[in-house]
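Chemist: I'd like to ask some things about the structure below.
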Amino acid sequence: MTTLPLVLDAPRRALPPTHLADLDDTAARAAVTELGLPAYRADQVARHYFTRFEHDAAAMTDLPAAVRKQVGKALLPPLLTELRSAVTDRGATRKTLWRLHDGALVESVLMRYPRRITVCISSQAGCGMACPFCATGQGGLTRNLSAAEIVEQVRAAARVAADGGLRGGPGRLSNVVFMGMGEPLANYRRVLTALRRLTAPRPGGFGLARRSITVSTVGVVPAIDRLAAENLDVTLAVSLHAPDDGLRDTLVPINTRWKVAEVLAAADAYAGRTGRRYSIEYAMIRDINDQPWRADLLGDLLAPRLAHVNLIPLNPTPGSAWDASPERVEREFVRRLEARGVHVTVRDTRGRDIDGACGQLAAAP
């Protein structure tokens, strides 16, 4: 197993040109007036982008033909180029590999469930958290994404869903999870801007319900505290993976900076501020973190808290000697948590055969 350094600060690389999705309503109108156009043109462009999921100004026929190219260059520069998509789960799951303006690669995964359509998006190209069981973490960190590069993954997914690109025909994208490549809270400012665009009412945003958006973190405690004060009330998910510091120092190297007790205290404060239950993500790794005594310890830690556990059968990654826990071990883990009054779910693994499941995103060219 290769050990990589923990990286909280992304390498400084040039971000793409400013895009409509980087701007709030006031800034977007200002950008349009700088072109010598009336401010309401920004509202027209936003309506196309956030409501009709259109990103090509040439298709915005309510704009005068003479200004479409100018508006497109100023507000809608190309951000993501689709290199390929793979579909599995009988057409219900679609993973897309994107190339960014500087050649960096990221992936997103669109999934249809009986009552929702969810997209799992990336917030960084690569990841600096160095978790040894995660393909993304083992690939290292390339750079942060801009807010618009994050938002554009959502727009593209919404367009695919609306156009019937998943099994079941046309549908509405309803949920967004920041569980793709990267540590969202290590790219805090741009992720926050993206969250505001996702939740802003139309036409200045997608108008998604805050409760339908989940931000996952390995436990960047100061950023959890900052997010609690933003009044966004999105769902918080903490990738814990071990209830004891001795093991978590290895599985989640950021634990050497902020220990389990500090991470849970920050999550508790978030729950207290928002009134929202948080999720504990726990990858079940055979003979590593799945012992009965660890289930008991986790249950004792979480029983008094406004939290639930989302167990994740470990997904295979290239070169890893680790494996998922057997089903009987998983069932016993669930039983012990429930015996302590902790609510537990086992994640429905999607996209495993196309390396699109949790921990598998590596953006291989």
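In the structure tokens, chains take the letters A, B, ... in the order shown, each chain's residues start at 1, and ligands count up from 1 in the order shown.
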Would you tabulate, counting only C-alpha atoms, all residues of segment 252-291 of chain A that have an atom at most 8 Å from an atom of segment 220-233 of chain A, showing the closest pair of atoms and their distance in Å to one decimal, sorted by chain then ascending number, as a tab-separated table?

Modeler:
```
residue	atom	partner	partner_atom	distance
A:Ile254	CA	A:Val220	CA	7.8
A:Trp258	CA	A:Val221	CA	6.9
A:Glu262	CA	A:Val221	CA	7.2
A:Val263	CA	A:Val221	CA	5.9
A:Ala266	CA	A:Val221	CA	6.1
A:Ala267	CA	A:Ile224	CA	7.1
A:Ala269	CA	A:Asp225	CA	7.5
A:Tyr270	CA	A:Ala228	CA	5.0
A:Arg273	CA	A:Ala228	CA	6.4
A:Thr274	CA	A:Asp233	CA	5.5
A:Arg276	CA	A:Asp233	CA	7.3
```

Chemist: If you keep N, CA and C atoms, can you produce a file of those selected residues as an mmCIF file, in the first residue's frame?

Modeler:
```cif
data_model
loop_
_atom_site.group_PDB
_atom_site.id
_atom_site.type_symbol
_atom_site.label_atom_id
_atom_site.label_comp_id
_atom_site.auth_asym_id
_atom_site.auth_seq_id
_atom_site.Cartn_x
_atom_site.Cartn_y
_atom_site.Cartn_z
ATOM 1 N N ILE A 254 -6.507 12.547 8.051
ATOM 2 C CA ILE A 254 -6.797 13.845 8.653
ATOM 3 C C ILE A 254 -7.104 13.704 10.140
ATOM 4 N N TRP A 258 -7.484 16.283 13.508
ATOM 5 C CA TRP A 258 -8.725 16.437 14.267
ATOM 6 C C TRP A 258 -9.250 15.047 14.607
ATOM 7 N N GLU A 262 -13.379 15.415 18.303
ATOM 8 C CA GLU A 262 -13.500 16.762 17.754
ATOM 9 C C GLU A 262 -14.414 16.787 16.529
ATOM 10 N N VAL A 263 -14.295 15.763 15.687
ATOM 11 C CA VAL A 263 -15.131 15.688 14.491
ATOM 12 C C VAL A 263 -16.599 15.532 14.881
ATOM 13 N N ALA A 266 -18.040 18.756 16.264
ATOM 14 C CA ALA A 266 -18.370 19.712 15.207
ATOM 15 C C ALA A 266 -19.665 19.309 14.504
ATOM 16 N N ALA A 267 -19.831 18.010 14.254
ATOM 17 C CA ALA A 267 -21.067 17.535 13.625
ATOM 18 C C ALA A 267 -22.264 17.766 14.543
ATOM 19 N N ALA A 269 -22.543 20.190 16.717
ATOM 20 C CA ALA A 269 -22.833 21.619 16.664
ATOM 21 C C ALA A 269 -23.587 21.969 15.382
ATOM 22 N N TYR A 270 -23.217 21.324 14.273
ATOM 23 C CA TYR A 270 -23.930 21.536 13.015
ATOM 24 C C TYR A 270 -25.390 21.108 13.161
ATOM 25 N N ARG A 273 -27.288 23.562 15.277
ATOM 26 C CA ARG A 273 -27.564 24.822 14.587
ATOM 27 C C ARG A 273 -28.652 24.669 13.539
ATOM 28 N N THR A 274 -28.648 23.538 12.834
ATOM 29 C CA THR A 274 -29.569 23.351 11.713
ATOM 30 C C THR A 274 -30.811 22.542 12.062
ATOM 31 N N ARG A 276 -30.812 19.441 11.799
ATOM 32 C CA ARG A 276 -30.766 18.355 10.837
ATOM 33 C C ARG A 276 -29.893 17.219 11.346
#
```

Chemist: Can you tell me which residues surround His48 of chain A at a distance of at most 9 Å, considering only C-alpha atoms, apart from same-chain residues fewer than 4 positions away, and format the answer as a PyMOL selection string?

Modeler: chain A and resi 43-44+52-55+57+60+203

Chemist: For Leu337 of chain A, please output as a VMD selection string all residues within 8 Å (counting only C-alpha atoms; exclusion window: fewer than 3 positions along the same chain).

Modeler: chain A and resid 295 to 296 298 to 299 333 to 334 340 to 344

Chemist: Selection from above, C-alpha atoms, as an mmCIF file, in the first residue's frame, can you write it?

Modeler:
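Result went into selection.cif, see below:
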```cif
data_model
loop_
_atom_site.group_PDB
_atom_site.id
_atom_site.type_symbol
_atom_site.label_atom_id
_atom_site.label_comp_id
_atom_site.auth_asym_id
_atom_site.auth_seq_id
_atom_site.Cartn_x
_atom_site.Cartn_y
_atom_site.Cartn_z
ATOM 1 C CA ALA A 295 -19.734 -1.764 16.311
ATOM 2 C CA ASP A 296 -20.381 -1.499 20.042
ATOM 3 C CA LEU A 298 -19.560 3.228 17.415
ATOM 4 C CA GLY A 299 -23.029 2.610 18.804
ATOM 5 C CA PHE A 333 -22.617 -4.857 12.808
ATOM 6 C CA VAL A 334 -26.086 -3.532 11.980
ATOM 7 C CA ARG A 340 -28.044 0.694 20.995
ATOM 8 C CA GLY A 341 -30.809 2.689 19.357
ATOM 9 C CA VAL A 342 -28.750 3.917 16.393
ATOM 10 C CA HIS A 343 -30.544 4.184 13.062
ATOM 11 C CA VAL A 344 -28.627 2.296 10.345
#
```

Chemist: Using Å and a single decimal, report how far atom CA of Ile117 of chain A sits from atom CA of Ser174 of chain A.

Modeler: 5.4 Å

Chemist: Find the residues near Leu6 of chain A: any atom within 6 Å, counting only C-alpha atoms, skip ones fewer than 5 places away on the same chain, and give them as a ChimeraX atom specification.

Modeler: /A:128-130

Chemist: Could you turn the residues from that selection into a file that holds C-alpha atoms, as a PDB file, in the first residue's frame?

Modeler:
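This is the output file again.pdb:
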```pdb
ATOM      1  CA  GLY A 128      -5.497  15.249  -0.954  1.00  0.00           C
ATOM      2  CA  MET A 129      -6.970  13.308   1.972  1.00  0.00           C
ATOM      3  CA  ALA A 130      -4.895  10.182   1.165  1.00  0.00           C
TER       4      ALA A 130
END
```

Chemist: Once DSSP has gone over the backbone, tell me which residues of segment 143-343 of chain A are in strand (DSSP E or B), as a PyMOL selection string.

Modeler: chain A and resi 143-144+175-178+213-217+235-239+278-285+307-313+324+343

Chemist: Please save C-alpha atoms of the selected residues as a short mmCIF file (atom, residue, chain, number, x, y, z; two decimals), in the first residue's frame.

Modeler:
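again.cif written:
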```cif
data_model
loop_
_atom_site.label_atom_id
_atom_site.label_comp_id
_atom_site.auth_asym_id
_atom_site.auth_seq_id
_atom_site.Cartn_x
_atom_site.Cartn_y
_atom_site.Cartn_z
CA ARG A 143 -6.42 21.17 -8.05
CA ASN A 144 -9.63 22.66 -6.72
CA ASN A 175 -30.75 15.41 -5.29
CA VAL A 176 -27.07 16.39 -5.34
CA VAL A 177 -24.38 14.71 -3.25
CA PHE A 178 -20.86 16.09 -2.90
CA ILE A 213 -28.17 18.35 -1.04
CA THR A 214 -25.54 16.43 0.93
CA VAL A 215 -22.02 17.65 1.61
CA SER A 216 -19.62 14.91 2.65
CA THR A 217 -16.42 15.52 4.59
CA THR A 235 -27.28 17.66 4.92
CA LEU A 236 -23.88 16.91 6.45
CA ALA A 237 -22.23 13.52 5.99
CA VAL A 238 -19.10 12.63 7.95
CA SER A 239 -16.85 9.92 6.53
CA TYR A 278 -26.18 14.12 10.13
CA SER A 279 -24.94 10.95 8.50
CA ILE A 280 -21.94 8.86 9.52
CA GLU A 281 -20.43 7.16 6.48
CA TYR A 282 -18.69 3.91 7.38
CA ALA A 283 -17.00 1.69 4.77
CA MET A 284 -17.09 -1.92 5.93
CA ILE A 285 -13.60 -3.37 5.46
CA ALA A 307 -26.97 10.98 13.75
CA HIS A 308 -27.52 7.88 11.70
CA VAL A 309 -25.04 5.43 10.21
CA ASN A 310 -24.74 4.69 6.52
CA LEU A 311 -22.75 1.47 6.12
CA ILE A 312 -20.95 1.15 2.79
CA PRO A 313 -19.80 -2.25 1.54
CA ALA A 324 -15.62 -5.87 1.78
CA HIS A 343 -30.54 4.18 13.06
#
```

Chemist: For Asp102 of chain A, which residue out of A:Val67, A:Leu8, A:Ala161, A:Leu80 is the nearest one, using only C-alpha atoms?

Modeler: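 Of the candidates, the smallest distance to Asp102 of chain A is held by A:Leu80.
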
Chemist: Applying 7 Å and only C-alpha atoms, which residues near Val151 of chain A remain after dropping the ones on its own chain fewer than 4 positions away? List them as a short mmCIF file (atom, residue, chain, number, x, y, z; two decimals) with N, CA, C and O atoms, in the first residue's frame.

Modeler:
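The result, written out as result-v1.cif:
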```cif
data_model
loop_
_atom_site.label_atom_id
_atom_site.label_comp_id
_atom_site.auth_asym_id
_atom_site.auth_seq_id
_atom_site.Cartn_x
_atom_site.Cartn_y
_atom_site.Cartn_z
N ALA A 21 -22.25 30.76 -13.61
CA ALA A 21 -22.48 30.02 -12.37
C ALA A 21 -21.54 30.43 -11.25
O ALA A 21 -21.73 30.02 -10.10
N ALA A 147 -16.26 27.17 -8.77
CA ALA A 147 -17.68 26.98 -8.45
C ALA A 147 -18.46 26.56 -9.69
O ALA A 147 -19.31 25.66 -9.65
N ARG A 155 -25.69 20.88 -13.90
CA ARG A 155 -26.49 21.26 -15.07
C ARG A 155 -26.49 20.16 -16.13
O ARG A 155 -27.54 19.81 -16.69
N ALA A 194 -21.06 27.34 -5.06
CA ALA A 194 -21.84 26.35 -5.81
C ALA A 194 -23.13 26.01 -5.07
O ALA A 194 -24.20 25.90 -5.68
#
```

Chemist: Need the shell around Ser325 of chain A: protein/DNA/RNA residues with any atom at most 9 Å away, counting only C-alpha atoms. Skip same-chain ones fewer than 4 positions apart. Format as JSON, numbers by chain?

Modeler: {"A": [284, 285, 286, 287, 288, 290, 313, 314, 329, 330]}

Chemist: Those same residues, written as an mmCIF file, in the first residue's frame with C-alpha atoms?

Modeler:
```
data_model
loop_
_atom_site.group_PDB
_atom_site.id
_atom_site.type_symbol
_atom_site.label_atom_id
_atom_site.label_comp_id
_atom_site.auth_asym_id
_atom_site.auth_seq_id
_atom_site.Cartn_x
_atom_site.Cartn_y
_atom_site.Cartn_z
ATOM 1 C CA MET A 284 -17.090 -1.918 5.927
ATOM 2 C CA ILE A 285 -13.599 -3.372 5.458
ATOM 3 C CA ARG A 286 -13.036 -7.058 6.182
ATOM 4 C CA ASP A 287 -11.026 -7.679 9.370
ATOM 5 C CA ILE A 288 -10.041 -3.992 9.562
ATOM 6 C CA ASP A 290 -15.795 -4.525 11.166
ATOM 7 C CA PRO A 313 -19.797 -2.254 1.537
ATOM 8 C CA LEU A 314 -16.188 -1.588 0.496
ATOM 9 C CA VAL A 329 -20.427 -9.635 9.580
ATOM 10 C CA GLU A 330 -22.287 -6.689 8.128
#
```

Chemist: Residues at most 9 Å from Thr250 of chain A, counting only C-alpha atoms, excluding those fewer than 5 positions away in the same chain, as a list of chain:residue names?

Modeler: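 After dropping sequence-adjacent residues, the list is A:Cys131, A:Pro132, A:Asp245, A:Asn255, A:Thr256.
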
Chemist: For the selection just defined, write its residues with all heavy atoms to a file, as a compact mmCIF listing (two decimals), in the first residue's frame.

Modeler:
```
# COMPACT_ATOMS: atom_id res chain seq x y z
N CYS A 131 -6.78 8.80 1.90
CA CYS A 131 -7.36 7.60 2.52
C CYS A 131 -6.94 6.38 1.71
O CYS A 131 -7.16 6.33 0.50
CB CYS A 131 -8.88 7.72 2.58
SG CYS A 131 -9.45 9.13 3.55
N PRO A 132 -6.34 5.38 2.34
CA PRO A 132 -5.70 4.30 1.59
C PRO A 132 -6.66 3.33 0.91
O PRO A 132 -6.24 2.58 0.03
CB PRO A 132 -4.86 3.58 2.65
CG PRO A 132 -5.55 3.88 3.94
CD PRO A 132 -6.09 5.26 3.80
N ASP A 245 -9.49 6.40 17.50
CA ASP A 245 -8.44 7.19 16.87
C ASP A 245 -7.29 6.34 16.35
O ASP A 245 -6.70 6.68 15.32
CB ASP A 245 -7.90 8.22 17.88
CG ASP A 245 -8.90 9.33 18.15
OD1 ASP A 245 -9.59 9.75 17.22
OD2 ASP A 245 -8.99 9.77 19.32
N ASN A 255 -7.37 12.47 10.58
CA ASN A 255 -7.63 12.23 12.00
C ASN A 255 -6.41 12.54 12.87
O ASN A 255 -6.53 12.74 14.07
CB ASN A 255 -8.07 10.78 12.22
CG ASN A 255 -8.80 10.59 13.53
OD1 ASN A 255 -9.93 11.04 13.68
ND2 ASN A 255 -8.16 9.94 14.50
N THR A 256 -5.23 12.58 12.25
CA THR A 256 -4.05 12.97 13.02
C THR A 256 -4.10 14.45 13.40
O THR A 256 -3.37 14.88 14.29
CB THR A 256 -2.76 12.69 12.23
OG1 THR A 256 -2.78 13.42 11.00
CG2 THR A 256 -2.63 11.19 11.92
```

Chemist: Which residue is closest to Asp56 of chain A? Choose from A:Leu192, A:Leu76, A:Gly36, A:Leu173 and count only C-alpha atoms.

Modeler: A:Leu76

Chemist: Which of segment 31-244 of chain A counts as helix (DSSP H, G or I) under DSSP, as an MDAnalysis selection string please?

Modeler: chainID A and resid 31:33 40:51 57:59 65:75 89:91 135:139 147:162 184:199 210:212 221:228

Chemist: Deliver the residues from the most recent selection as a file, using C-alpha atoms, as a PDB file, in the first residue's frame.

Modeler:
```
ATOM      1  CA  ALA A  31     -21.161  41.581 -16.316  1.00  0.00           C
ATOM      2  CA  VAL A  32     -23.840  42.039 -18.981  1.00  0.00           C
ATOM      3  CA  THR A  33     -23.985  45.799 -18.651  1.00  0.00           C
ATOM      4  CA  TYR A  40     -32.196  41.974 -18.116  1.00  0.00           C
ATOM      5  CA  ARG A  41     -30.190  39.984 -20.662  1.00  0.00           C
ATOM      6  CA  ALA A  42     -28.452  38.329 -17.698  1.00  0.00           C
ATOM      7  CA  ASP A  43     -31.825  37.104 -16.454  1.00  0.00           C
ATOM      8  CA  GLN A  44     -32.573  35.649 -19.876  1.00  0.00           C
ATOM      9  CA  VAL A  45     -29.269  33.770 -19.958  1.00  0.00           C
ATOM     10  CA  ALA A  46     -29.790  32.531 -16.402  1.00  0.00           C
ATOM     11  CA  ARG A  47     -33.268  31.274 -17.266  1.00  0.00           C
ATOM     12  CA  HIS A  48     -31.858  29.221 -20.118  1.00  0.00           C
ATOM     13  CA  TYR A  49     -28.997  27.862 -18.021  1.00  0.00           C
ATOM     14  CA  PHE A  50     -30.709  27.091 -14.727  1.00  0.00           C
ATOM     15  CA  THR A  51     -34.224  26.266 -15.967  1.00  0.00           C
ATOM     16  CA  ALA A  57     -25.713  30.834 -26.184  1.00  0.00           C
ATOM     17  CA  ALA A  58     -26.310  30.102 -29.870  1.00  0.00           C
ATOM     18  CA  ALA A  59     -29.440  28.178 -28.850  1.00  0.00           C
ATOM     19  CA  ALA A  65     -28.514  36.933 -32.862  1.00  0.00           C
ATOM     20  CA  ALA A  66     -25.896  39.685 -33.023  1.00  0.00           C
ATOM     21  CA  VAL A  67     -25.029  39.399 -29.298  1.00  0.00           C
ATOM     22  CA  ARG A  68     -25.231  35.648 -28.687  1.00  0.00           C
ATOM     23  CA  LYS A  69     -21.559  35.003 -29.397  1.00  0.00           C
ATOM     24  CA  GLN A  70     -20.524  37.960 -27.243  1.00  0.00           C
ATOM     25  CA  VAL A  71     -22.745  36.851 -24.352  1.00  0.00           C
ATOM     26  CA  GLY A  72     -21.592  33.260 -24.665  1.00  0.00           C
ATOM     27  CA  LYS A  73     -17.924  34.244 -24.498  1.00  0.00           C
ATOM     28  CA  ALA A  74     -18.492  36.481 -21.465  1.00  0.00           C
ATOM     29  CA  LEU A  75     -20.885  34.346 -19.408  1.00  0.00           C
ATOM     30  CA  ASP A  89     -27.615  -0.975 -13.565  1.00  0.00           C
ATOM     31  CA  ARG A  90     -29.812  -1.578 -16.606  1.00  0.00           C
ATOM     32  CA  GLY A  91     -29.583   2.040 -17.634  1.00  0.00           C
ATOM     33  CA  ALA A 135      -8.929   5.214  -5.394  1.00  0.00           C
ATOM     34  CA  THR A 136      -9.403   8.981  -5.574  1.00  0.00           C
ATOM     35  CA  GLY A 137      -7.368   9.577  -2.429  1.00  0.00           C
ATOM     36  CA  GLN A 138      -4.578   7.362  -3.668  1.00  0.00           C
ATOM     37  CA  GLY A 139      -4.365   9.343  -6.891  1.00  0.00           C
ATOM     38  CA  ALA A 147     -17.678  26.985  -8.452  1.00  0.00           C
ATOM     39  CA  ALA A 148     -18.909  26.899 -12.037  1.00  0.00           C
ATOM     40  CA  GLU A 149     -17.070  23.645 -12.796  1.00  0.00           C
ATOM     41  CA  ILE A 150     -18.928  22.134  -9.853  1.00  0.00           C
ATOM     42  CA  VAL A 151     -22.283  23.591 -10.904  1.00  0.00           C
ATOM     43  CA  GLU A 152     -21.785  22.584 -14.537  1.00  0.00           C
ATOM     44  CA  GLN A 153     -21.706  18.917 -13.488  1.00  0.00           C
ATOM     45  CA  VAL A 154     -25.180  19.436 -12.018  1.00  0.00           C
ATOM     46  CA  ARG A 155     -26.491  21.257 -15.074  1.00  0.00           C
ATOM     47  CA  ALA A 156     -25.209  18.541 -17.386  1.00  0.00           C
ATOM     48  CA  ALA A 157     -26.803  15.847 -15.213  1.00  0.00           C
ATOM     49  CA  ALA A 158     -30.103  17.720 -15.096  1.00  0.00           C
ATOM     50  CA  ARG A 159     -30.072  17.943 -18.883  1.00  0.00           C
ATOM     51  CA  VAL A 160     -29.414  14.217 -19.279  1.00  0.00           C
ATOM     52  CA  ALA A 161     -32.230  13.419 -16.842  1.00  0.00           C
ATOM     53  CA  ALA A 162     -34.666  15.809 -18.543  1.00  0.00           C
ATOM     54  CA  PRO A 184     -15.540  19.495  -0.492  1.00  0.00           C
ATOM     55  CA  LEU A 185     -14.631  21.420   2.651  1.00  0.00           C
ATOM     56  CA  ALA A 186     -11.000  21.717   1.519  1.00  0.00           C
ATOM     57  CA  ASN A 187     -12.395  23.801  -1.371  1.00  0.00           C
ATOM     58  CA  TYR A 188     -14.691  25.701   0.933  1.00  0.00           C
ATOM     59  CA  ARG A 189     -15.213  29.066  -0.761  1.00  0.00           C
ATOM     60  CA  ARG A 190     -16.001  27.651  -4.192  1.00  0.00           C
ATOM     61  CA  VAL A 191     -18.180  24.853  -2.823  1.00  0.00           C
ATOM     62  CA  LEU A 192     -20.140  27.446  -0.849  1.00  0.00           C
ATOM     63  CA  THR A 193     -20.692  29.500  -4.017  1.00  0.00           C
ATOM     64  CA  ALA A 194     -21.842  26.353  -5.810  1.00  0.00           C
ATOM     65  CA  LEU A 195     -24.260  25.548  -2.989  1.00  0.00           C
ATOM     66  CA  ARG A 196     -25.774  29.000  -3.277  1.00  0.00           C
ATOM     67  CA  ARG A 197     -26.292  28.530  -7.014  1.00  0.00           C
ATOM     68  CA  LEU A 198     -27.861  25.112  -6.477  1.00  0.00           C
ATOM     69  CA  THR A 199     -30.322  26.381  -3.883  1.00  0.00           C
ATOM     70  CA  ARG A 210     -31.532  22.365   0.750  1.00  0.00           C
ATOM     71  CA  ARG A 211     -32.457  19.045   2.344  1.00  0.00           C
ATOM     72  CA  SER A 212     -31.842  17.326  -0.989  1.00  0.00           C
ATOM     73  CA  VAL A 221     -13.503  20.649  11.692  1.00  0.00           C
ATOM     74  CA  PRO A 222     -13.044  24.423  11.174  1.00  0.00           C
ATOM     75  CA  ALA A 223     -14.903  24.218   7.854  1.00  0.00           C
ATOM     76  CA  ILE A 224     -17.787  22.255   9.433  1.00  0.00           C
ATOM     77  CA  ASP A 225     -18.086  25.074  11.961  1.00  0.00           C
ATOM     78  CA  ARG A 226     -18.097  27.666   9.167  1.00  0.00           C
ATOM     79  CA  LEU A 227     -20.721  25.758   7.193  1.00  0.00           C
ATOM     80  CA  ALA A 228     -22.994  25.642  10.246  1.00  0.00           C
TER      81      ALA A 228
END
```

Chemist: Suppose you want the space between atom CA of Val346 of chain A and atom CA of Ala271 of chain A; what is it in Å?

Modeler: 21.8 Å

Chemist: Let me make sure I understand: among A:Gly272, A:Gly204, A:Pro170, A:Pro292, which one has the smallest atom-to-atom distance to Arg331 of chain A if we use only C-alpha atoms?

Modeler: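 Comparing A:Gly272, A:Gly204, A:Pro170, A:Pro292 against Arg331 of chain A, the winner is A:Pro292.
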
Chemist: Could you check how far atom CA of Trp98 of chain A sits from atom CA of Cys134 of chain A, in Å to one decimal?

Modeler: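 Value for the atom CA of Trp98 of chain A-atom CA of Cys134 of chain A distance: 19.6 Å.
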
Chemist: Taking only C-alpha atoms into account, name the residue in A:Leu83, A:Leu105, A:Ala39, A:Leu302 that is nearest to Leu264 of chain A.

Modeler: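 Under the stated criterion, the closest residue is A:Leu302.
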